Each structure stands twice: as structure tokens, then as C-alpha cells.
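Source file: query39.pdb. Holds: PDB, C-alpha atoms and all ligand atoms.
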ATOM      1  CA  MET A  29     216.006  -7.965  18.274
ATOM      2  CA  GLU A  30     216.396  -4.610  16.507
ATOM      3  CA  ASN A  31     219.109  -3.758  19.046
ATOM      4  CA  ASP A  32     221.255  -6.471  17.479
ATOM      5  CA  ILE A  33     221.309  -4.714  14.100
ATOM      6  CA  ALA A  34     224.482  -2.847  13.129
ATOM      7  CA  ARG A  35     223.283  -1.583   9.774
ATOM      8  CA  VAL A  36     220.437  -2.080   7.292
ATOM      9  CA  LEU A  37     221.794  -3.130   3.879
ATOM     10  CA  VAL A  38     218.543  -3.357   1.911
ATOM     11  CA  THR A  39     215.352  -1.645   3.103
ATOM     12  CA  ASN A  40     211.871  -3.145   2.866
ATOM     13  CA  GLU A  41     210.942  -0.600   0.174
ATOM     14  CA  GLU A  42     213.990  -1.546  -1.901
ATOM     15  CA  LEU A  43     213.178  -5.248  -1.493
ATOM     16  CA  LYS A  44     209.558  -4.825  -2.559
ATOM     17  CA  SER A  45     210.317  -2.775  -5.646
ATOM     18  CA  ARG A  46     213.191  -4.993  -6.789
ATOM     19  CA  ILE A  47     211.072  -8.139  -6.316
ATOM     20  CA  ALA A  48     208.353  -6.554  -8.467
ATOM     21  CA  GLU A  49     210.958  -5.946 -11.195
ATOM     22  CA  LEU A  50     212.190  -9.534 -10.991
ATOM     23  CA  GLY A  51     208.605 -10.784 -11.219
ATOM     24  CA  ALA A  52     207.974  -8.699 -14.336
ATOM     25  CA  GLU A  53     211.168  -9.970 -15.957
ATOM     26  CA  ILE A  54     210.310 -13.598 -15.169
ATOM     27  CA  THR A  55     206.754 -13.065 -16.450
ATOM     28  CA  ARG A  56     208.150 -11.920 -19.798
ATOM     29  CA  ASP A  57     210.748 -14.704 -20.047
ATOM     30  CA  TYR A  58     208.423 -17.595 -19.198
ATOM     31  CA  ALA A  59     205.306 -16.535 -21.108
ATOM     32  CA  GLY A  60     203.534 -19.632 -22.450
ATOM     33  CA  LYS A  61     205.715 -22.056 -20.475
ATOM     34  CA  GLU A  62     204.959 -24.450 -17.658
ATOM     35  CA  LEU A  63     206.844 -22.978 -14.692
ATOM     36  CA  LEU A  64     207.710 -24.672 -11.384
ATOM     37  CA  VAL A  65     209.157 -22.318  -8.779
ATOM     38  CA  LEU A  66     211.260 -24.349  -6.379
ATOM     39  CA  GLY A  67     211.999 -22.588  -3.095
ATOM     40  CA  ILE A  68     214.920 -23.627  -0.919
ATOM     41  CA  LEU A  69     213.809 -23.888   2.712
ATOM     42  CA  LYS A  70     213.837 -22.014   4.876
ATOM     43  CA  GLY A  71     215.635 -18.855   3.826
ATOM     44  CA  ALA A  72     213.876 -18.360   0.486
ATOM     45  CA  VAL A  73     210.325 -18.568   1.851
ATOM     46  CA  LEU A  74     209.703 -14.857   2.387
ATOM     47  CA  PHE A  75     211.317 -13.835  -0.903
ATOM     48  CA  MET A  76     209.465 -16.527  -2.811
ATOM     49  CA  ALA A  77     206.097 -15.621  -1.279
ATOM     50  CA  ASP A  78     206.499 -12.069  -2.547
ATOM     51  CA  LEU A  79     208.027 -13.078  -5.872
ATOM     52  CA  VAL A  80     205.310 -15.509  -7.003
ATOM     53  CA  ARG A  81     202.706 -12.799  -6.443
ATOM     54  CA  GLU A  82     204.606 -10.633  -8.932
ATOM     55  CA  ILE A  83     204.745 -13.358 -11.599
ATOM     56  CA  ARG A  84     201.639 -13.012 -13.738
ATOM     57  CA  LEU A  85     201.624 -16.526 -15.150
ATOM     58  CA  PRO A  86     200.024 -19.806 -14.172
ATOM     59  CA  LEU A  87     202.665 -21.629 -12.119
ATOM     60  CA  THR A  88     203.122 -24.230  -9.430
ATOM     61  CA  PHE A  89     205.556 -24.102  -6.541
ATOM     62  CA  ASP A  90     207.252 -26.592  -4.282
ATOM     63  CA  PHE A  91     210.068 -26.627  -1.758
ATOM     64  CA  LEU A  92     213.391 -28.336  -1.266
ATOM     65  CA  ALA A  93     215.127 -28.536   2.081
ATOM     66  CA  VAL A  94     218.885 -28.952   2.046
ATOM     67  CA  SER A  95     221.473 -29.106   4.736
ATOM     68  CA  SER A  96     225.028 -27.910   4.315
ATOM     69  CA  TYR A  97     225.812 -25.424   7.016
ATOM     70  CA  GLY A  98     224.508 -26.638  10.350
ATOM     71  CA  ALA A  99     224.863 -23.855  12.882
ATOM     72  CA  SER A 100     228.047 -22.540  11.303
ATOM     73  CA  THR A 101     228.266 -19.506   9.020
ATOM     74  CA  SER A 102     230.719 -21.034   6.537
ATOM     75  CA  SER A 103     230.025 -23.655   3.915
ATOM     76  CA  SER A 104     231.242 -27.213   4.272
ATOM     77  CA  GLY A 105     230.402 -27.964   0.631
ATOM     78  CA  VAL A 106     228.491 -31.044   1.717
ATOM     79  CA  VAL A 107     224.874 -30.838   0.606
ATOM     80  CA  ARG A 108     222.132 -33.226   1.660
ATOM     81  CA  ILE A 109     218.536 -33.125   0.432
ATOM     82  CA  LEU A 110     216.334 -33.311   3.518
ATOM     83  CA  LYS A 111     213.039 -32.757   1.688
ATOM     84  CA  ASP A 112     212.656 -33.384  -2.011
ATOM     85  CA  VAL A 113     210.243 -32.207  -4.716
ATOM     86  CA  GLU A 114     206.925 -33.991  -4.523
ATOM     87  CA  ARG A 115     206.426 -34.670  -8.227
ATOM     88  CA  SER A 116     208.452 -35.596 -11.286
ATOM     89  CA  VAL A 117     210.113 -32.588 -12.879
ATOM     90  CA  GLU A 118     210.577 -34.216 -16.265
ATOM     91  CA  GLY A 119     209.862 -31.731 -19.059
ATOM     92  CA  VAL A 120     209.278 -28.905 -16.576
ATOM     93  CA  HIS A 121     210.874 -25.441 -16.517
ATOM     94  CA  ILE A 122     212.356 -25.214 -13.022
ATOM     95  CA  LEU A 123     213.130 -21.871 -11.437
ATOM     96  CA  ILE A 124     215.084 -22.368  -8.208
ATOM     97  CA  ALA A 125     214.400 -19.579  -5.690
ATOM     98  CA  GLU A 126     217.251 -18.943  -3.249
ATOM     99  CA  ASP A 127     217.771 -16.411  -0.510
ATOM    100  CA  ILE A 128     221.473 -15.915  -1.159
ATOM    101  CA  VAL A 129     224.256 -17.336  -3.324
ATOM    102  CA  ASP A 130     227.471 -17.368  -1.341
ATOM    103  CA  THR A 131     230.151 -19.962  -2.210
ATOM    104  CA  GLY A 132     227.791 -21.361  -4.876
ATOM    105  CA  LEU A 133     228.268 -24.922  -3.613
ATOM    106  CA  THR A 134     224.612 -25.460  -2.709
ATOM    107  CA  LEU A 135     223.356 -24.301  -6.102
ATOM    108  CA  LYS A 136     225.948 -26.204  -8.075
ATOM    109  CA  TYR A 137     224.915 -29.404  -6.325
ATOM    110  CA  LEU A 138     221.183 -28.719  -6.706
ATOM    111  CA  LYS A 139     221.403 -27.820 -10.393
ATOM    112  CA  GLU A 140     223.334 -30.997 -11.165
ATOM    113  CA  ASN A 141     220.944 -33.084  -9.122
ATOM    114  CA  LEU A 142     217.870 -31.602 -10.816
ATOM    115  CA  TYR A 143     219.322 -31.836 -14.337
ATOM    116  CA  ARG A 144     219.604 -35.597 -13.911
ATOM    117  CA  ARG A 145     215.787 -35.729 -13.707
ATOM    118  CA  HIS A 146     215.396 -34.387 -17.291
ATOM    119  CA  PRO A 147     213.638 -31.083 -16.716
ATOM    120  CA  GLU A 148     213.113 -28.784 -19.720
ATOM    121  CA  SER A 149     215.313 -26.122 -18.075
ATOM    122  CA  VAL A 150     216.791 -25.114 -14.716
ATOM    123  CA  LYS A 151     217.326 -21.453 -13.853
ATOM    124  CA  VAL A 152     218.036 -19.641 -10.609
ATOM    125  CA  VAL A 153     216.540 -16.558  -9.030
ATOM    126  CA  THR A 154     218.222 -15.303  -5.872
ATOM    127  CA  LEU A 155     217.382 -12.361  -3.678
ATOM    128  CA  LEU A 156     221.011 -11.703  -2.771
ATOM    129  CA  ASP A 157     224.348 -12.484  -4.359
ATOM    130  CA  LYS A 158     227.751 -12.384  -2.640
ATOM    131  CA  PRO A 159     230.021 -12.926  -5.679
ATOM    132  CA  GLY A 160     233.123 -12.167  -3.610
ATOM    133  CA  ARG A 161     232.827 -15.512  -1.811
ATOM    134  CA  ARG A 162     232.320 -17.814  -4.791
ATOM    135  CA  LYS A 163     234.196 -21.149  -4.709
ATOM    136  CA  VAL A 164     232.553 -22.655  -7.789
ATOM    137  CA  GLU A 165     231.258 -20.872 -10.852
ATOM    138  CA  VAL A 166     227.510 -20.371 -10.542
ATOM    139  CA  VAL A 167     225.845 -17.314 -12.026
ATOM    140  CA  PRO A 168     222.251 -16.687 -10.951
ATOM    141  CA  ASP A 169     219.950 -16.023 -13.914
ATOM    142  CA  TYR A 170     218.065 -13.412 -11.895
ATOM    143  CA  ASN A 171     219.489 -11.550  -8.921
ATOM    144  CA  GLY A 172     217.929  -8.993  -6.607
ATOM    145  CA  PHE A 173     220.971  -7.362  -5.030
ATOM    146  CA  VAL A 174     224.728  -7.829  -5.071
ATOM    147  CA  ILE A 175     225.991  -7.460  -1.489
ATOM    148  CA  PRO A 176     229.464  -7.245   0.057
ATOM    149  CA  ASP A 177     231.124 -10.130   1.854
ATOM    150  CA  GLU A 178     229.322  -9.775   5.171
ATOM    151  CA  PHE A 179     227.006 -12.150   6.993
ATOM    152  CA  VAL A 180     223.466 -10.848   6.682
ATOM    153  CA  VAL A 181     220.133 -11.607   8.326
ATOM    154  CA  GLY A 182     216.492 -10.698   7.784
ATOM    155  CA  PHE A 183     213.819 -11.229   5.130
ATOM    156  CA  GLY A 184     214.179 -14.996   5.546
ATOM    157  CA  LEU A 185     217.880 -15.141   6.397
ATOM    158  CA  ASP A 186     218.868 -16.263   9.854
ATOM    159  CA  PHE A 187     221.581 -16.470  12.411
ATOM    160  CA  GLY A 188     220.916 -19.506  14.616
ATOM    161  CA  GLU A 189     217.314 -19.540  13.248
ATOM    162  CA  LYS A 190     216.689 -16.008  14.547
ATOM    163  CA  TYR A 191     216.050 -12.724  12.671
ATOM    164  CA  ARG A 192     214.226 -14.336   9.694
ATOM    165  CA  ASN A 193     211.194 -12.126  10.322
ATOM    166  CA  LEU A 194     213.020  -8.804  10.036
ATOM    167  CA  PRO A 195     211.387  -6.933   7.127
ATOM    168  CA  TYR A 196     214.774  -5.808   5.767
ATOM    169  CA  VAL A 197     218.254  -7.272   5.129
ATOM    170  CA  ALA A 198     220.819  -6.241   7.724
ATOM    171  CA  VAL A 199     224.254  -6.848   9.201
ATOM    172  CA  LEU A 200     224.385  -7.907  12.855
ATOM    173  CA  LYS A 201     226.438  -6.256  15.566
ATOM    174  CA  PRO A 202     229.372  -8.431  16.665
ATOM    175  CA  SER A 203     227.749  -8.624  20.117
ATOM    176  CA  ALA A 204     224.831 -10.588  18.603
ATOM    177  CA  TYR A 205     227.216 -13.422  17.717
ATOM    178  CA  GLU A 206     228.696 -13.626  21.186
ATOM    179  CA  VAL A 207     226.017 -15.746  22.856
TER     180      VAL A 207
HETATM  181  P1  LIG B   1     226.439 -21.425  -0.657
HETATM  182  O1  LIG B   1     227.717 -21.061   0.072
HETATM  183  O2  LIG B   1     226.357 -22.897  -0.896
HETATM  184  O3  LIG B   1     225.370 -21.105   0.420
HETATM  185  O4  LIG B   1     226.230 -20.585  -1.873
HETATM  186  C1  LIG B   1     224.102 -20.705   0.229
HETATM  187  C2  LIG B   1     223.386 -20.793   1.565
HETATM  188  O5  LIG B   1     224.230 -20.340   2.637
HETATM  189  C3  LIG B   1     223.521 -19.610   3.577
HETATM  190  N1  LIG B   1     224.147 -18.279   3.698
HETATM  191  C4  LIG B   1     223.747 -17.301   4.506
HETATM  192  N2  LIG B   1     222.731 -17.263   5.390
HETATM  193  N3  LIG B   1     223.306 -15.031   5.925
HETATM  194  C5  LIG B   1     222.528 -16.123   6.109
HETATM  195  O6  LIG B   1     221.610 -16.060   6.911
HETATM  196  C6  LIG B   1     224.355 -14.988   5.064
HETATM  197  O7  LIG B   1     225.038 -13.970   4.949
HETATM  198  C7  LIG B   1     224.581 -16.204   4.313
HETATM  199  N4  LIG B   1     225.499 -16.541   3.380
HETATM  200  C8  LIG B   1     225.198 -17.825   3.023
HETATM  201  C9  LIG B   1     222.102 -19.536   3.050
HETATM  202  O8  LIG B   1     221.312 -20.483   3.724
HETATM  203  C10 LIG B   1     222.195 -19.899   1.586
HETATM  204  O9  LIG B   1     221.055 -20.546   1.085
HETATM  205 MG    MG B   2     220.655 -20.266   6.899
END

Could I get this structure in the form of C-alpha cells?
Amino acid sequence: MENDIARVLVTNEELKSRIAELGAEITRDYAGKELLVLGILKGAVLFMADLVREIRLPLTFDFLAVSSYGASTSSSGVVRILKDVERSVEGVHILIAEDIVDTGLTLKYLKENLYRRHPESVKVVTLLDKPGRRKVEVVPDYNGFVIPDEFVVGFGLDFGEKYRNLPYVAVLKPSAYEV
């Protein structure tokens, strides 16, 4: 698996310390509020697990599963909710946790969908941001790292469901795509 890696973009140490900073910032911003952290399956799971342990507030979390990409690496813009939130989000402060914002199409759809359920607020925290690929205007409220326009894997992100367990964010060798 490690033989497939061309280059590490963000090390485990960098991830851990940046996630701690994000957690501290979110702790300050949401003090006294009822916070629901909503992780987008499956990519955001590792990030979210670390992040919630850095948020020193009472909170609840849940997950949404969406489908837009299939096995391809480019966005179709078509988003389907495969697994929805389990409870009403009316009056709740929702913080969507994403692994990466790329074209922005997934987030735009999700924010609009969630707003229709009358939450108190909807914000976004993403581990990675690829602003160079944006098709619609979505600005994450909290972002871990801005990365260049390259397909990345690791720390939750996959290629064909593989590499999610790498403890860092990396770019694959071209040979890893040729299967
Ligand atoms: P959009 O384009 O809607 O897409 O902002 C967000 C989702 O696309 C996936 N994505 C990636 N997954 N490496 C991945 O493993 C990447 O470089 C990458 N870029 C986009 C991801 O699932 C994200 O939630
Ligand atoms: Mg994916």
C-alpha cells in the first residue's frame, strides 16, 4: 500500500495539530449552544473522530451518506442522500464535517437540503479544501488545509475504497490508478 504513494501532502503530525486548533476554534464559537456535528460518510469519519475529541462542549453527532461520484474521481453534480439524519434538526446548530471540498456541489446541495428543515444554523468544517476546482461558490467556515488540484488519499479519503486507513494525506503514483 505504501508503495503506491508518490508523495505525502500532509503528515500525521500536521493533521493532529491542525485538528486540535480547529477544535479549539469551534469550542470558542459554539460555547453555550446546542451543537450537532454531522459527518459525511465515509471520508469524514477519521477526521470527525479526532475533531469531536478536541471540541470541549457537550455535543451530539450523526452521519449522512451521500452518493455523487460512484467509482469515478470527478463530480457528476448529482447528489443522493443514501442515509439521512436520525432526528429532527429544527432549531439545532448543525456543523457539517467533510473530508474535502472539491467542486462544492455536494456541500451546496446538502446545505440547501438541511436549511429546508429549519435548523438554527448550518456551518461547514472540512479537513481539506481544493478551491482551484470549485464549480459553485461554497466557502467552508472552518478548513484544515488548502491543497493543490490533485487527487488525494488517506486519513479517510479513498481511491476505489482503498487507502482510507493511511495516517496521512498523500498523492498516489500514476501506477496505482492503472489496475
Ligand atoms: P465535491 O466535488 O462535491 O466533492 O465538492 C466532495 C467529495 O468528493 C470526493 N473527493 C475526493 N475524494 N480524494 C478523494 O478521495 C480527492 O482528492 C477528492 N476530491 C473530491 C470526496 O468524497 C468529497 O466528499
Ligand atoms: Mg470518496

Starting from the shown file, work through the PyMOL selection byres (((chain A and resi 202) around 12) and not hetatm) and note down what comes out as a PyMOL selection string. chain A and resi 31-35+178-180+187+199-201+203-207

Please, which residues have at least one atom within 12 Å of an atom of ligand MG 2 (chain B), using all atoms listed in the file, listed as a PyMOL selection string? chain A and resi 68-73+93-103+126-130+134+179-192

Taking the file as I've supplied it (selection: the PyMOL selection byres (((chain A and resi 118) around 12) and not hetatm)), which residues are included? Please answer as a PyMOL selection string. chain A and resi 62-64+113+115-117+119-122+142-150

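Residues in contact range of Asp157 in chain A, defined as at most 10 Å between only C-alpha atoms, with sequence neighbours fewer than 5 positions away removed, read Glu126, Asp127, Ile128, Val129, Asp130, Thr131, Gly132, Arg162, Val167, Pro168, Tyr170, Asn171, Gly172, Phe173, Val174, Ile175, Pro176 and Asp177 of chain A.
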
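This file, queried with the PyMOL selection byres (((chain A and resi 152) around 7) and not hetatm), gives the residues A:Leu123, A:Ile124, A:Ala125, A:Val150, A:Lys151, A:Val153, A:Thr154, A:Pro168, A:Asp169, A:Tyr170.
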
At a cut-off of 9 Å, using all atoms listed in the file, what residues contact Phe89 in chain A? Leave out same-chain residues fewer than 2 positions from it and give the result as a VMD selection string. chain A and resid 63 to 67 80 87 91

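Distances here use all atoms listed in the file; by that measure, the residue among A:Arg56, A:Leu79, A:Val107, A:Tyr196 closest to ligand LIG 1 (chain B) is A:Val107.
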
Atom-to-atom span, CA of Glu165 in chain A and CA of Asp90 in chain A, Å: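 That distance, rounded to one decimal, is 25.5 Å.
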
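With atom O8 of ligand LIG 1 (chain B) on one side and CA of Glu53 in chain A on the other, the separation reads 24.5 Å.
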
If I only have part of range 189-204 of chain A, can you fill in N, CA and C atoms and write it as an mmCIF file, in the frame of the given file?
data_model
loop_
_atom_site.group_PDB
_atom_site.id
_atom_site.type_symbol
_atom_site.label_atom_id
_atom_site.label_comp_id
_atom_site.auth_asym_id
_atom_site.auth_seq_id
_atom_site.Cartn_x
_atom_site.Cartn_y
_atom_site.Cartn_z
ATOM 1 N N GLU A 189 218.773 -19.489 13.435
ATOM 2 C CA GLU A 189 217.314 -19.540 13.248
ATOM 3 C C GLU A 189 216.595 -18.247 13.646
ATOM 4 N N LYS A 190 217.329 -17.265 14.159
ATOM 5 C CA LYS A 190 216.689 -16.008 14.547
ATOM 6 C C LYS A 190 216.806 -14.964 13.433
ATOM 7 N N TYR A 191 216.023 -13.915 13.547
ATOM 8 C CA TYR A 191 216.050 -12.724 12.671
ATOM 9 C C TYR A 191 215.400 -12.929 11.299
ATOM 10 N N ARG A 192 214.826 -14.115 11.018
ATOM 11 C CA ARG A 192 214.226 -14.336 9.694
ATOM 12 C C ARG A 192 213.074 -13.370 9.428
ATOM 13 N N ASN A 193 212.392 -12.951 10.492
ATOM 14 C CA ASN A 193 211.194 -12.126 10.322
ATOM 15 C C ASN A 193 211.476 -10.631 10.209
ATOM 16 N N LEU A 194 212.731 -10.224 10.258
ATOM 17 C CA LEU A 194 213.020 -8.804 10.036
ATOM 18 C C LEU A 194 212.586 -8.424 8.625
ATOM 19 N N PRO A 195 211.903 -7.285 8.455
ATOM 20 C CA PRO A 195 211.387 -6.933 7.127
ATOM 21 C C PRO A 195 212.428 -6.312 6.194
ATOM 22 N N TYR A 196 213.692 -6.356 6.590
ATOM 23 C CA TYR A 196 214.774 -5.808 5.767
ATOM 24 C C TYR A 196 215.984 -6.733 5.880
ATOM 25 N N VAL A 197 217.013 -6.488 5.067
ATOM 26 C CA VAL A 197 218.254 -7.272 5.129
ATOM 27 C C VAL A 197 219.299 -6.429 5.854
ATOM 28 N N ALA A 198 219.929 -7.027 6.874
ATOM 29 C CA ALA A 198 220.819 -6.241 7.724
ATOM 30 C C ALA A 198 222.048 -7.024 8.156
ATOM 31 N N VAL A 199 223.043 -6.273 8.616
ATOM 32 C CA VAL A 199 224.254 -6.848 9.201
ATOM 33 C C VAL A 199 224.108 -6.770 10.717
ATOM 34 N N LEU A 200 224.492 -7.858 11.386
ATOM 35 C CA LEU A 200 224.385 -7.907 12.855
ATOM 36 C C LEU A 200 225.569 -7.222 13.523
ATOM 37 N N LYS A 201 225.338 -6.729 14.720
ATOM 38 C CA LYS A 201 226.438 -6.256 15.566
ATOM 39 C C LYS A 201 227.248 -7.458 16.028
ATOM 40 N N PRO A 202 228.552 -7.310 16.175
ATOM 41 C CA PRO A 202 229.372 -8.431 16.665
ATOM 42 C C PRO A 202 228.832 -8.992 17.976
ATOM 43 N N SER A 203 228.258 -8.158 18.819
ATOM 44 C CA SER A 203 227.749 -8.624 20.117
ATOM 45 C C SER A 203 226.640 -9.662 19.960
ATOM 46 N N ALA A 204 225.919 -9.629 18.827
ATOM 47 C CA ALA A 204 224.831 -10.588 18.603
ATOM 48 C C ALA A 204 225.351 -12.000 18.357
#
